[in-house]
Amino acid sequence: MGKIIAIWGSPNSGKTTLSVKLARFIYDKYNAIVTVVCADEITPALPVIFPNKKADEIFSIGTPLSKPDITQNEVIKNIVTNKNMSNLGFLGFKDGENRFTYPAFDKDKVESLLMVLKNIADVVIVDCTSNTQDVMTVTALKMADTVIRITTPDMKSVSFYSSQLPLMSDPKYKRDEHIVCMNTTDNSVFTPVSEAVSHFNNIAFSFSFCQGIKNQYMKGTLLEKFSDKKWDSAIKALSEKVAK
């Protein structure tokens, strides 16, 4: 049975970028079956990851979640893959969809979905929202074998965690076991990294700003490989920590 890795963080901390890059690295390095669940229904991630796919090539996670019972066949039918990477798949909401597109689903539905994915994939990465009231995010954080918590070196991230971490006092969140990563998403941050680090405990991995990866995000080519020594070193170390 596969393992669940939940990636959660402050707004605009690079959750989707890290989810895609970590998934691609694990897929390549370990020859693993990897599925990424994109939880955001306010700003769907599939159009960002697959901007050039035709409409009939993009499926929605809302379809299996709206069924009375979530079956393996229904889940597999709605996984989006890229050419020559059939064992690296994505589930998420499509362009134009929002929380009113499908009937409301509860934690039981999300648990069923994640259990199905654990049975068909070696690694399930959940690209969580920042919203600690979002049912898919909350369920994934509680079910995850590993939670990667992303921070950024700015006061917005400091404020976010000061506000939201107290809401995760339930032992099911295993808050003290989260792997904390510092991700510099811009080359003109206003808070020095060293000063920002003092606000967060136990930074395990740091991702420096990489213009090439930011360009990939803007162009919708995140699934393509890009070599950057610092980024490669950090993603390799993180994958070794969470994938084994």
# chains A, B, ... in the order shown; residues from 1 in each chain; ligands from 1
>>> closest_atom_pairs(of="segment 7-92 of chain A", to="segment 224-244 of chain A", cutoff="8 Å", atoms="only C-alpha atoms", output="Markdown table")
| residue | atom | partner | partner_atom | distance |
| --- | --- | --- | --- | --- |
| A:Lys21 | CA | A:Ile235 | CA | 7.8 |
| A:Leu22 | CA | A:Ile235 | CA | 6.5 |
| A:Phe25 | CA | A:Ser239 | CA | 7.4 |
| A:Ile26 | CA | A:Ser239 | CA | 6.4 |
>>> write_last_selection(atoms="N, CA and C atoms", output="compact mmCIF listing (two decimals), in the first residue's frame")
# COMPACT_ATOMS: atom_id res chain seq x y z
N LYS A 21 7.21 19.07 -8.71
CA LYS A 21 8.63 18.75 -8.82
C LYS A 21 9.00 17.53 -7.98
N LEU A 22 8.42 17.42 -6.78
CA LEU A 22 8.71 16.26 -5.93
C LEU A 22 8.14 15.01 -6.57
N PHE A 25 10.38 13.95 -9.43
CA PHE A 25 11.65 13.41 -8.98
C PHE A 25 11.47 12.00 -8.44
N ILE A 26 10.45 11.78 -7.62
CA ILE A 26 10.20 10.44 -7.06
C ILE A 26 9.87 9.46 -8.18
>>> closest_residue(among="A:Pro51, A:Pro153, A:Pro171, A:Gly212", to="Phe200 of chain A", atoms="only C-alpha atoms")
A:Pro153
>>> closest_residue(among="A:Ser162, A:Asn215, A:Gln72, A:Asn31", to="Leu88 of chain A", atoms="only C-alpha atoms")
A:Asn31
>>> residues_around(residues="Asn131 of chain A", least_positions_apart="4", cutoff="9 Å", atoms="only C-alpha atoms", output="PDB file with all heavy atoms, in the first residue's frame")
ATOM      1  N   SER A  10       1.612  28.309   3.656  1.00  0.00           N
ATOM      2  CA  SER A  10       0.983  29.621   3.576  1.00  0.00           C
ATOM      3  C   SER A  10       0.635  29.946   2.124  1.00  0.00           C
ATOM      4  O   SER A  10       1.157  29.336   1.188  1.00  0.00           O
ATOM      5  CB  SER A  10       1.928  30.685   4.150  1.00  0.00           C
ATOM      6  OG  SER A  10       3.207  30.595   3.559  1.00  0.00           O
ATOM      7  N   PRO A  11      -0.273  30.896   1.910  1.00  0.00           N
ATOM      8  CA  PRO A  11      -0.647  31.268   0.533  1.00  0.00           C
ATOM      9  C   PRO A  11       0.572  31.677  -0.295  1.00  0.00           C
ATOM     10  O   PRO A  11       1.469  32.363   0.195  1.00  0.00           O
ATOM     11  CB  PRO A  11      -1.606  32.445   0.750  1.00  0.00           C
ATOM     12  CG  PRO A  11      -2.177  32.220   2.109  1.00  0.00           C
ATOM     13  CD  PRO A  11      -1.048  31.638   2.921  1.00  0.00           C
ATOM     14  N   THR A 137      -8.229  19.232   2.379  1.00  0.00           N
ATOM     15  CA  THR A 137      -6.967  19.575   3.036  1.00  0.00           C
ATOM     16  C   THR A 137      -6.909  18.986   4.435  1.00  0.00           C
ATOM     17  O   THR A 137      -5.924  18.330   4.809  1.00  0.00           O
ATOM     18  CB  THR A 137      -6.799  21.103   3.096  1.00  0.00           C
ATOM     19  OG1 THR A 137      -6.621  21.606   1.769  1.00  0.00           O
ATOM     20  CG2 THR A 137      -5.603  21.496   3.955  1.00  0.00           C
ATOM     21  N   VAL A 138      -7.944  19.196   5.225  1.00  0.00           N
ATOM     22  CA  VAL A 138      -7.968  18.709   6.599  1.00  0.00           C
ATOM     23  C   VAL A 138      -7.855  17.188   6.643  1.00  0.00           C
ATOM     24  O   VAL A 138      -7.088  16.626   7.434  1.00  0.00           O
ATOM     25  CB  VAL A 138      -9.257  19.167   7.321  1.00  0.00           C
ATOM     26  CG1 VAL A 138      -9.389  18.483   8.673  1.00  0.00           C
ATOM     27  CG2 VAL A 138      -9.256  20.672   7.499  1.00  0.00           C
ATOM     28  N   GLN A 164      -2.733  30.160  12.030  1.00  0.00           N
ATOM     29  CA  GLN A 164      -3.311  28.867  11.675  1.00  0.00           C
ATOM     30  C   GLN A 164      -2.772  27.660  12.448  1.00  0.00           C
ATOM     31  O   GLN A 164      -3.495  26.691  12.669  1.00  0.00           O
ATOM     32  CB  GLN A 164      -3.129  28.619  10.174  1.00  0.00           C
ATOM     33  CG  GLN A 164      -3.847  29.634   9.297  1.00  0.00           C
ATOM     34  CD  GLN A 164      -5.340  29.674   9.564  1.00  0.00           C
ATOM     35  OE1 GLN A 164      -6.034  28.665   9.442  1.00  0.00           O
ATOM     36  NE2 GLN A 164      -5.852  30.845   9.937  1.00  0.00           N
TER      37      GLN A 164
END
>>> closest_residue(among="A:Lys118, A:Lys109, A:Lys174, A:Lys142", to="Val36 of chain A", atoms="only C-alpha atoms")
A:Lys118
>>> residues_around(residues="Thr129 of chain A", least_positions_apart="5", cutoff="12 Å", atoms="only C-alpha atoms", output="ChimeraX atom specification")
/A:6-16,19,37-45,134-141,149-150
>>> select_by_dssp(residues="segment 99-167 of chain A", states="helix (DSSP H, G or I)", output="PyMOL selection string")
chain A and resi 107-120+135-143+155-167
>>> residues_around(residues="Ser206 of chain A", least_positions_apart="6", cutoff="6 Å", atoms="only C-alpha atoms", output="ChimeraX atom specification")
/A:181-183
>>> residues_around(residues="Phe209 of chain A", least_positions_apart="4", cutoff="6 Å", atoms="only C-alpha atoms", output="MDAnalysis selection string")
chainID A and resid 184:187
>>> select_by_dssp(residues="segment 26-238 of chain A", states="strand (DSSP E or B)", output="PyMOL selection string")
chain A and resi 34-38+80-82+85-91+123-127+146-151+179-183+203-207
>>> write_last_selection(atoms="N, CA and C atoms", output="mmCIF file, in the first residue's frame")
data_model
loop_
_atom_site.group_PDB
_atom_site.id
_atom_site.type_symbol
_atom_site.label_atom_id
_atom_site.label_comp_id
_atom_site.auth_asym_id
_atom_site.auth_seq_id
_atom_site.Cartn_x
_atom_site.Cartn_y
_atom_site.Cartn_z
ATOM 1 N N VAL A 34 3.191 7.369 -9.052
ATOM 2 C CA VAL A 34 2.941 8.563 -8.235
ATOM 3 C C VAL A 34 1.670 9.258 -8.712
ATOM 4 N N THR A 35 0.813 9.615 -7.772
ATOM 5 C CA THR A 35 -0.390 10.384 -8.088
ATOM 6 C C THR A 35 -0.405 11.654 -7.242
ATOM 7 N N VAL A 36 -0.678 12.778 -7.896
ATOM 8 C CA VAL A 36 -0.780 14.061 -7.207
ATOM 9 C C VAL A 36 -2.245 14.471 -7.161
ATOM 10 N N VAL A 37 -2.735 14.770 -5.972
ATOM 11 C CA VAL A 37 -4.102 15.259 -5.791
ATOM 12 C C VAL A 37 -4.035 16.763 -5.552
ATOM 13 N N CYS A 38 -4.644 17.528 -6.436
ATOM 14 C CA CYS A 38 -4.650 18.981 -6.318
ATOM 15 C C CYS A 38 -5.969 19.393 -5.675
ATOM 16 N N VAL A 80 -5.372 12.451 -14.807
ATOM 17 C CA VAL A 80 -4.775 13.095 -15.988
ATOM 18 C C VAL A 80 -3.290 12.758 -16.017
ATOM 19 N N THR A 81 -2.813 12.287 -17.162
ATOM 20 C CA THR A 81 -1.398 11.946 -17.313
ATOM 21 C C THR A 81 -0.793 12.711 -18.481
ATOM 22 N N ASN A 82 0.527 12.689 -18.538
ATOM 23 C CA ASN A 82 1.249 13.327 -19.627
ATOM 24 C C ASN A 82 1.835 12.259 -20.528
ATOM 25 N N MET A 85 4.479 9.364 -19.616
ATOM 26 C CA MET A 85 4.599 9.301 -18.156
ATOM 27 C C MET A 85 3.288 8.785 -17.569
ATOM 28 N N SER A 86 2.876 7.601 -17.994
ATOM 29 C CA SER A 86 1.570 7.078 -17.603
ATOM 30 C C SER A 86 1.481 6.763 -16.121
ATOM 31 N N ASN A 87 2.615 6.553 -15.457
ATOM 32 C CA ASN A 87 2.603 6.229 -14.031
ATOM 33 C C ASN A 87 2.753 7.463 -13.134
ATOM 34 N N LEU A 88 2.666 8.638 -13.753
ATOM 35 C CA LEU A 88 2.665 9.894 -13.006
ATOM 36 C C LEU A 88 1.364 10.612 -13.348
ATOM 37 N N GLY A 89 0.410 10.579 -12.413
ATOM 38 C CA GLY A 89 -0.915 11.104 -12.709
ATOM 39 C C GLY A 89 -1.352 12.206 -11.774
ATOM 40 N N PHE A 90 -2.379 12.951 -12.210
ATOM 41 C CA PHE A 90 -2.881 14.099 -11.454
ATOM 42 C C PHE A 90 -4.403 14.060 -11.381
ATOM 43 N N LEU A 91 -4.908 14.358 -10.194
ATOM 44 C CA LEU A 91 -6.339 14.496 -9.968
ATOM 45 C C LEU A 91 -6.607 15.892 -9.426
ATOM 46 N N VAL A 123 3.129 6.310 -4.159
ATOM 47 C CA VAL A 123 3.161 7.586 -3.434
ATOM 48 C C VAL A 123 1.991 8.446 -3.891
ATOM 49 N N VAL A 124 1.238 8.971 -2.933
ATOM 50 C CA VAL A 124 0.156 9.915 -3.209
ATOM 51 C C VAL A 124 0.551 11.249 -2.590
ATOM 52 N N ILE A 125 0.729 12.261 -3.422
ATOM 53 C CA ILE A 125 1.079 13.598 -2.942
ATOM 54 C C ILE A 125 -0.167 14.468 -3.012
ATOM 55 N N VAL A 126 -0.557 15.044 -1.888
ATOM 56 C CA VAL A 126 -1.726 15.925 -1.865
ATOM 57 C C VAL A 126 -1.244 17.369 -1.799
ATOM 58 N N ASP A 127 -1.523 18.107 -2.845
ATOM 59 C CA ASP A 127 -1.230 19.540 -2.921
ATOM 60 C C ASP A 127 -2.373 20.254 -2.213
ATOM 61 N N THR A 146 3.264 11.588 5.947
ATOM 62 C CA THR A 146 4.227 12.674 6.105
ATOM 63 C C THR A 146 3.575 13.977 5.683
ATOM 64 N N VAL A 147 3.780 15.029 6.466
ATOM 65 C CA VAL A 147 3.315 16.364 6.087
ATOM 66 C C VAL A 147 4.532 17.256 5.868
ATOM 67 N N ILE A 148 4.587 17.864 4.696
ATOM 68 C CA ILE A 148 5.617 18.852 4.394
ATOM 69 C C ILE A 148 4.973 20.228 4.545
ATOM 70 N N ARG A 149 5.489 21.003 5.480
ATOM 71 C CA ARG A 149 4.953 22.329 5.758
ATOM 72 C C ARG A 149 5.882 23.371 5.134
ATOM 73 N N ILE A 150 5.338 24.177 4.210
ATOM 74 C CA ILE A 150 6.166 25.138 3.482
ATOM 75 C C ILE A 150 5.989 26.540 4.054
ATOM 76 N N THR A 151 7.117 27.186 4.285
ATOM 77 C CA THR A 151 7.119 28.579 4.713
ATOM 78 C C THR A 151 7.871 29.411 3.679
ATOM 79 N N ILE A 179 7.579 18.116 8.414
ATOM 80 C CA ILE A 179 8.880 18.483 7.846
ATOM 81 C C ILE A 179 8.760 19.911 7.331
ATOM 82 N N VAL A 180 9.476 20.825 7.943
ATOM 83 C CA VAL A 180 9.347 22.244 7.603
ATOM 84 C C VAL A 180 10.370 22.628 6.540
ATOM 85 N N CYS A 181 9.876 23.220 5.452
ATOM 86 C CA CYS A 181 10.747 23.652 4.355
ATOM 87 C C CYS A 181 10.611 25.164 4.153
ATOM 88 N N MET A 182 11.729 25.814 3.952
ATOM 89 C CA MET A 182 11.730 27.232 3.606
ATOM 90 C C MET A 182 11.865 27.343 2.093
ATOM 91 N N ASN A 183 10.899 27.992 1.454
ATOM 92 C CA ASN A 183 10.900 28.110 0.007
ATOM 93 C C ASN A 183 10.899 29.582 -0.384
ATOM 94 N N ILE A 203 13.723 24.287 10.575
ATOM 95 C CA ILE A 203 13.726 24.283 9.117
ATOM 96 C C ILE A 203 14.605 23.123 8.657
ATOM 97 N N ALA A 204 14.008 22.141 8.005
ATOM 98 C CA ALA A 204 14.746 20.941 7.599
ATOM 99 C C ALA A 204 15.371 21.083 6.220
ATOM 100 N N PHE A 205 14.670 21.770 5.303
ATOM 101 C CA PHE A 205 15.155 21.915 3.932
ATOM 102 C C PHE A 205 14.875 23.333 3.454
ATOM 103 N N SER A 206 15.789 23.865 2.653
ATOM 104 C CA SER A 206 15.618 25.209 2.114
ATOM 105 C C SER A 206 15.716 25.170 0.596
ATOM 106 N N PHE A 207 14.758 25.808 -0.056
ATOM 107 C CA PHE A 207 14.746 25.910 -1.509
ATOM 108 C C PHE A 207 14.984 27.364 -1.883
#
>>> closest_residue(among="A:Leu117, A:Pro103, A:Asp56, A:Ala32", to="Ile70 of chain A", atoms="only C-alpha atoms")
A:Leu117
